[in-house]
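Engineer: Sharing work32.cif here; it has mmCIF, C-alpha atoms and all ligand atoms.
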```
data_query
loop_
_atom_site.label_atom_id
_atom_site.label_comp_id
_atom_site.auth_asym_id
_atom_site.auth_seq_id
_atom_site.Cartn_x
_atom_site.Cartn_y
_atom_site.Cartn_z
CA MET A 1 22.68 7.23 -6.59
CA THR A 2 19.16 5.84 -6.56
CA THR A 3 16.42 8.37 -7.25
CA ARG A 4 13.99 8.79 -4.38
CA HIS A 5 10.44 9.38 -5.62
CA LEU A 6 7.80 11.25 -3.64
CA ILE A 7 4.47 9.88 -2.47
CA PRO A 8 2.96 13.24 -1.44
CA ALA A 9 1.07 13.43 1.84
CA ARG A 10 -2.65 12.69 1.21
CA LYS A 11 -1.97 11.86 -2.48
CA GLY A 12 -0.93 8.99 -4.74
CA ALA A 13 1.85 8.01 -7.13
CA ALA A 14 2.43 5.21 -9.64
CA HIS A 15 5.42 3.78 -11.47
CA ARG A 16 6.22 1.14 -14.06
CA MET A 17 8.60 -1.66 -13.00
CA LYS A 18 10.46 -4.24 -15.05
CA LYS A 19 10.67 -7.87 -13.92
CA GLY A 20 13.70 -8.25 -11.65
CA GLU A 21 13.78 -4.64 -10.44
CA THR A 22 13.44 -3.97 -6.72
CA LEU A 23 11.06 -1.47 -5.17
CA ARG A 24 11.79 0.01 -1.75
CA VAL A 25 8.93 1.85 -0.01
CA ILE A 26 10.15 4.17 2.73
CA ASN A 27 8.22 5.39 5.76
CA THR A 28 10.19 8.64 5.71
CA HIS A 29 8.64 10.22 8.79
CA GLY A 30 7.86 6.98 10.57
CA SER A 31 4.11 7.04 11.09
CA GLN A 32 2.64 7.09 7.60
CA VAL A 33 0.54 4.24 6.23
CA VAL A 34 1.07 3.65 2.50
CA ASP A 35 -1.70 1.89 0.59
CA PHE A 36 0.06 -0.15 -2.08
CA TRP A 37 -1.13 -1.89 -5.26
CA ALA A 38 0.54 -3.77 -8.10
CA PHE A 39 -0.82 -4.73 -11.52
CA ASN A 40 0.40 -6.82 -14.44
CA ALA A 41 1.72 -4.13 -16.82
CA ALA A 42 0.27 -6.08 -19.77
CA ASP A 43 -3.19 -6.53 -18.22
CA LEU A 44 -4.37 -4.11 -15.53
CA GLY A 45 -7.21 -6.52 -14.75
CA GLU A 46 -4.61 -8.85 -13.22
CA CYS A 47 -3.64 -7.39 -9.85
CA MET A 48 -1.80 -8.27 -6.68
CA SER A 49 -4.54 -9.83 -4.58
CA MET A 50 -4.61 -9.85 -0.79
CA GLU A 51 -7.10 -12.72 -0.58
CA HIS A 52 -5.15 -14.88 -3.03
CA SER A 53 -1.81 -13.97 -1.40
CA ARG A 54 -3.02 -14.85 2.11
CA ALA A 55 -3.98 -18.30 0.81
CA ALA A 56 -0.59 -18.66 -0.89
CA ILE A 57 1.55 -17.63 2.11
CA GLY A 58 -0.60 -18.94 4.97
CA ARG A 59 -0.40 -15.67 6.92
CA ILE A 60 -2.32 -12.41 7.12
CA ILE A 61 0.92 -10.34 7.26
CA PRO A 62 3.54 -11.15 4.60
CA LYS A 63 7.15 -11.52 5.74
CA VAL A 64 10.52 -11.53 3.97
CA GLY A 65 10.60 -14.37 1.43
CA ASP A 66 6.84 -14.43 0.89
CA VAL A 67 5.59 -14.21 -2.69
CA MET A 68 2.57 -12.02 -3.36
CA VAL A 69 0.33 -13.39 -6.10
CA THR A 70 -2.28 -12.00 -8.46
CA ASN A 71 -5.96 -12.78 -8.83
CA LYS A 72 -4.72 -15.36 -11.36
CA ARG A 73 -2.49 -16.83 -8.58
CA ARG A 74 0.72 -15.91 -10.40
CA PRO A 75 3.74 -14.40 -8.58
CA ILE A 76 3.91 -10.62 -8.99
CA LEU A 77 6.13 -9.40 -6.11
CA THR A 78 8.42 -11.08 -3.59
CA VAL A 79 9.09 -9.44 -0.23
CA VAL A 80 12.90 -9.27 -0.17
CA ALA A 81 13.60 -7.01 2.83
CA ASP A 82 11.73 -5.34 5.67
CA THR A 83 13.54 -3.04 8.11
CA SER A 84 10.27 -2.18 9.90
CA PRO A 85 8.92 -4.27 12.80
CA GLY A 86 7.01 -6.24 10.15
CA ILE A 87 3.54 -4.98 11.00
CA HIS A 88 1.47 -4.37 7.86
CA ASP A 89 -2.16 -5.02 6.90
CA THR A 90 -3.85 -7.06 4.20
CA LEU A 91 -7.40 -6.98 5.61
CA ILE A 92 -8.71 -3.44 5.29
CA ALA A 93 -10.19 -1.82 2.17
CA SER A 94 -8.74 1.47 0.99
CA CYS A 95 -10.45 4.56 2.36
CA ASP A 96 -12.98 6.29 0.12
CA VAL A 97 -15.45 9.18 0.25
CA TYR A 98 -18.02 6.90 1.89
CA ARG A 99 -15.64 6.03 4.72
CA TYR A 100 -15.14 9.71 5.54
CA GLU A 101 -18.87 10.43 5.23
CA GLY A 102 -19.49 7.63 7.70
CA LEU A 103 -16.99 9.17 10.11
CA GLY A 104 -18.93 12.45 9.97
CA HIS A 105 -16.76 14.42 7.56
CA LYS A 106 -18.61 17.05 5.48
CA GLY A 107 -17.52 17.72 1.90
CA TYR A 108 -14.78 16.08 -0.14
CA HIS A 109 -11.93 14.34 1.69
CA ASP A 110 -8.81 13.03 -0.04
CA ASN A 111 -8.93 9.24 -0.12
CA CYS A 112 -6.83 6.29 -1.25
CA THR A 113 -9.46 5.01 -3.69
CA ASP A 114 -9.45 8.23 -5.74
CA ASN A 115 -5.67 8.50 -5.32
CA LEU A 116 -5.15 5.16 -7.08
CA GLY A 117 -7.31 6.19 -10.05
CA ARG A 118 -5.50 9.52 -10.41
CA ALA A 119 -2.04 7.96 -10.02
CA LEU A 120 -2.79 5.52 -12.85
CA GLU A 121 -4.21 8.34 -14.98
CA ALA A 122 -0.94 10.24 -14.54
CA LEU A 123 0.77 7.30 -16.30
CA GLY A 124 -1.86 7.39 -19.06
CA LEU A 125 -3.59 4.27 -17.67
CA LYS A 126 -7.20 3.60 -16.78
CA ARG A 127 -8.19 1.66 -13.67
CA VAL A 128 -9.86 -1.64 -14.53
CA VAL A 129 -10.25 -3.05 -11.01
CA HIS A 130 -9.85 -1.60 -7.54
CA PRO A 131 -8.19 -4.33 -5.47
CA CYS A 132 -7.83 -4.41 -1.71
CA PRO A 133 -4.51 -2.66 -1.01
CA PHE A 134 -1.47 -4.04 0.77
CA ASN A 135 -1.48 -1.47 3.57
CA LEU A 136 2.20 -0.98 4.31
CA PHE A 137 3.07 -0.06 7.92
CA MET A 138 -0.64 -0.18 8.91
CA ASN A 139 -1.25 -1.66 12.35
CA ILE A 140 -4.46 -3.68 12.58
CA PRO A 141 -3.91 -6.07 15.48
CA VAL A 142 -6.06 -9.19 15.71
CA ARG A 143 -7.22 -9.80 19.29
CA ASP A 144 -8.95 -12.82 20.83
CA GLU A 145 -8.27 -14.50 17.46
CA VAL A 146 -11.14 -12.67 15.73
CA ALA A 147 -11.39 -8.98 16.68
CA ILE A 148 -9.53 -6.13 14.93
CA SER A 149 -8.84 -2.50 15.78
CA PHE A 150 -7.21 0.50 14.08
CA GLU A 151 -3.97 1.39 15.89
CA PRO A 152 -1.05 3.77 15.25
CA PRO A 153 1.92 2.38 13.28
CA VAL A 154 4.82 0.85 15.22
CA THR A 155 7.38 2.00 12.66
CA LYS A 156 10.16 4.56 13.02
CA PRO A 157 11.41 7.15 10.51
CA GLY A 158 13.25 5.57 7.59
CA ASP A 159 11.80 2.07 8.00
CA SER A 160 11.24 0.43 4.63
CA ILE A 161 9.94 -2.69 2.92
CA SER A 162 11.32 -3.95 -0.40
CA PHE A 163 9.84 -6.06 -3.17
CA ARG A 164 11.29 -7.72 -6.26
CA ALA A 165 9.05 -7.60 -9.33
CA GLU A 166 8.29 -11.11 -10.64
CA MET A 167 6.67 -9.72 -13.81
CA ASP A 168 6.60 -6.37 -15.60
CA ALA A 169 4.30 -4.43 -13.32
CA VAL A 170 2.67 -1.12 -12.57
CA VAL A 171 2.92 -0.26 -8.88
CA ALA A 172 0.88 2.43 -7.17
CA PHE A 173 0.87 4.07 -3.76
CA SER A 174 -1.25 6.37 -1.63
CA ALA A 175 0.00 8.21 1.46
CA CYS A 176 -3.26 7.49 3.26
CA PRO A 177 -5.06 10.75 4.18
CA GLN A 178 -6.94 9.16 7.09
CA ASP A 179 -6.83 11.93 9.72
CA LEU A 180 -10.00 11.10 11.63
CA LEU A 181 -8.59 7.90 13.16
CA PRO A 182 -5.07 7.44 14.67
CA ILE A 183 -4.02 4.97 11.96
CA ASN A 184 -1.32 7.42 10.76
CA GLY A 185 -0.15 8.21 14.30
CA ARG A 186 -1.88 9.53 17.40
CA ASP A 187 -1.43 13.14 16.21
CA CYS A 188 -3.45 12.32 13.04
CA VAL A 189 -0.95 14.30 10.90
CA ILE A 190 -0.43 12.99 7.35
CA HIS A 191 3.14 12.88 6.00
CA ASP A 192 4.97 12.34 2.73
CA ALA A 193 6.49 8.93 2.03
CA HIS A 194 8.99 7.90 -0.65
CA TYR A 195 9.97 4.99 -2.85
CA GLU A 196 12.98 3.91 -4.88
CA ILE A 197 13.32 1.53 -7.83
CA LEU A 198 16.60 -0.38 -7.93
CA PRO A 199 17.84 -2.09 -11.09
CA ALA A 200 17.87 -5.88 -11.44
ZN ZN B 301 -6.49 5.65 2.96
#
```
Taking this structure as input, can you express it in the form of structure tokens?
Ligand SMILES: [Zn+2]
Structural biologist:
Amino acid sequence: MTTRHLIPARKGAAHRMKKGETLRVINTHGSQVVDFWAFNAADLGECMSMEHSRAAIGRIIPKVGDVMVTNKRRPILTVVADTSPGIHDTLIASCDVYRYEGLGHKGYHDNCTDNLGRALEALGLKRVVHPCPFNLFMNIPVRDEVAISFEPPVTKPGDSISFRAEMDAVVAFSACPQDLLPINGRDCVIHDAHYEILPA
């Protein structure tokens, strides 16, 4: 049986992957956005890049078959399955303390930027760059061809998206703690998510 790993609500997780393994990220409760990053295991300065990937695939939302590339334009992950409605985001920066300050929050607030640093530290790694995340299950519709808004996910419990590693990689996740906007559901409740690594 495949081990199911926890991405704790409001917190991060990271994992090493070998080329050819498959990662499945699961929206266990159905409304949780997962910020997602991938790095070349041999060079953490080479990362999955949203701006380079959009140019490579010709879309702002990757679909099954699309190859995500690094900031050196090399394949790092291929989308191999998506049981969700296919709505994800590649446009929005990860949340950080400044985002919550700007929304009026007082004091420290968990955030995806710090979660990535801590998740890498838990593997004994140091963050070199902080790339724009691939925001799995995040619903940022584009209206009138240019305008965006932050909307609740359209996923249901158990929806998942899967990626094949095209190089040895370090992958990292954050169960986004954004509870001041309805991006994690209209009730603004943050949930656990999970992931699995399947052998090549
Ligand atoms: Zn976040």
Engineer: Using all atoms listed in the file for the distances, tell me which of A:Arg118, A:Lys11, A:Arg4, A:Arg164 is nearest to ligand ZN 301 (chain B).
Structural biologist: A:Lys11
Engineer: Kindly provide, as an mmCIF file with C-alpha atoms, in the coordinates of the input, all nucleotide and amino acid residues lying within 8 Å of ligand ZN 301 (chain B), counting only C-alpha atoms and all ligand atoms.
Structural biologist:
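The new file result.cif reads:
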```
data_model
loop_
_atom_site.group_PDB
_atom_site.id
_atom_site.type_symbol
_atom_site.label_atom_id
_atom_site.label_comp_id
_atom_site.auth_asym_id
_atom_site.auth_seq_id
_atom_site.Cartn_x
_atom_site.Cartn_y
_atom_site.Cartn_z
ATOM 1 C CA VAL A 33 0.540 4.240 6.230
ATOM 2 C CA VAL A 34 1.070 3.650 2.500
ATOM 3 C CA ASP A 35 -1.700 1.890 0.590
ATOM 4 C CA SER A 94 -8.740 1.470 0.990
ATOM 5 C CA CYS A 95 -10.450 4.560 2.360
ATOM 6 C CA ASP A 96 -12.980 6.290 0.120
ATOM 7 C CA ASN A 111 -8.930 9.240 -0.120
ATOM 8 C CA CYS A 112 -6.830 6.290 -1.250
ATOM 9 C CA THR A 113 -9.460 5.010 -3.690
ATOM 10 C CA SER A 174 -1.250 6.370 -1.630
ATOM 11 C CA ALA A 175 0.000 8.210 1.460
ATOM 12 C CA CYS A 176 -3.260 7.490 3.260
ATOM 13 C CA PRO A 177 -5.060 10.750 4.180
ATOM 14 C CA GLN A 178 -6.940 9.160 7.090
#
```
Engineer: If you count all atoms listed in the file, which residues fall within 7 Å of region 136-144 of chain A, apart from same-chain ones fewer than 4 positions away, as a VMD selection string?
Structural biologist: chain A and resid 33 to 36 87 to 89 148 to 153 155 183
Engineer: Keeping only C-alpha atoms, take the residues you just selected and write them out as a tab-separated table (two decimals), keeping the file's coordinate frame.
Structural biologist:
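Written out: again_17.tsv:
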```
chain	number	residue	atom	x	y	z
A	33	VAL	CA	0.54	4.24	6.23
A	34	VAL	CA	1.07	3.65	2.50
A	35	ASP	CA	-1.70	1.89	0.59
A	36	PHE	CA	0.06	-0.15	-2.08
A	87	ILE	CA	3.54	-4.98	11.00
A	88	HIS	CA	1.47	-4.37	7.86
A	89	ASP	CA	-2.16	-5.02	6.90
A	148	ILE	CA	-9.53	-6.13	14.93
A	149	SER	CA	-8.84	-2.50	15.78
A	150	PHE	CA	-7.21	0.50	14.08
A	151	GLU	CA	-3.97	1.39	15.89
A	152	PRO	CA	-1.05	3.77	15.25
A	153	PRO	CA	1.92	2.38	13.28
A	155	THR	CA	7.38	2.00	12.66
A	183	ILE	CA	-4.02	4.97	11.96
```
Engineer: How far is it from CA of Gln32 (chain A) to CA of Val129 (chain A), in Å with one decimal?
Structural biologist: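 Computed distance, CA of Gln32 (chain A) to CA of Val129 (chain A), equals 24.8 Å.
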Engineer: Which residue out of A:Val25, A:Met48, A:Val170, A:Leu180 has the minimum interatomic distance to Lys126 (chain A) when all atoms listed in the file are used?
Structural biologist: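 With all atoms listed in the file as the atom set, the closest residue is A:Val170.
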Engineer: Compile a residue-level contact table for region 16-55 of chain A against region 59-81 of chain A at a cut-off of 8 Å, reporting for every qualifying residue the shortest atom pair and its distance in Å to one decimal, with all atoms listed in the file counted, rows ordered by chain and ascending number, as a Markdown table.
Structural biologist:
```
| residue | atom | partner | partner_atom | distance |
| --- | --- | --- | --- | --- |
| A:Ala38 | CA | A:Ile76 | CA | 7.7 |
| A:Phe39 | CA | A:Ile76 | CA | 8.0 |
| A:Asn40 | CA | A:Ile76 | CA | 7.5 |
| A:Glu46 | CA | A:Asn71 | CA | 6.0 |
| A:Cys47 | CA | A:Thr70 | CA | 5.0 |
| A:Met48 | CA | A:Thr70 | CA | 4.2 |
| A:Ser49 | CA | A:Thr70 | CA | 5.0 |
| A:Met50 | CA | A:Met68 | CA | 7.9 |
| A:His52 | CA | A:Asn71 | CA | 6.2 |
| A:Ser53 | CA | A:Met68 | CA | 5.2 |
| A:Arg54 | CA | A:Arg59 | CA | 5.5 |
| A:Ala55 | CA | A:Arg59 | CA | 7.6 |
```
Engineer: I want to know what sits within 6 Å of Ile7 (chain A), based on all atoms listed in the file, with residues of the same chain fewer than 4 positions away left out; could you give that as a ChimeraX atom specification?
Structural biologist: /A:12-13,192-194
Engineer: Residues at most 7 Å from Ile197 (chain A), counting all atoms listed in the file, excluding those fewer than 5 positions away in the same chain, as a list in words?
Structural biologist: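 Those residues are Glu21, Thr22, Leu23 and Arg24 of chain A.
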Engineer: What separation in Å, quoted to one decimal, exists between CA of Asp179 (chain A) and CA of Arg16 (chain A)?
Structural biologist: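 Answer for the CA of Asp179 (chain A) to CA of Arg16 (chain A) separation: 29.2 Å.
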Engineer: Taking all atoms listed in the file into account, which of A:Ile161, A:Leu181, A:Ile26, A:Val146 comes nearest Gly86 (chain A)?
Structural biologist: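 Residue with the minimum atom-to-atom distance to Gly86 (chain A): A:Ile161.
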Engineer: Closest to Ala147 (chain A) among A:Leu103, A:Ala42, A:Leu91, A:Met1, using all atoms listed in the file?
Structural biologist: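 Closest to Ala147 (chain A) of all the choices is A:Leu91.
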Engineer: What gap, in Å, lies between CA of Gly20 (chain A) and CA of Ala200 (chain A)?
Structural biologist: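 Taking CA of Gly20 (chain A) and CA of Ala200 (chain A), their separation equals 4.8 Å.
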Engineer: Which one of A:Asp82, A:Glu196, A:Asp110, A:Asp43 sits closest to Ala9 (chain A) if you count all atoms listed in the file?
Structural biologist: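 Counting all atoms listed in the file, the residue closest to Ala9 (chain A) is A:Asp110.
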Engineer: Between A:Trp37, A:Ala122, A:Tyr195, A:Gly107, which has the minimum distance to Ser160 (chain A) (counting only C-alpha atoms)?
Structural biologist: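 Ranking A:Trp37, A:Ala122, A:Tyr195, A:Gly107 by distance to Ser160 (chain A), first place goes to A:Tyr195.
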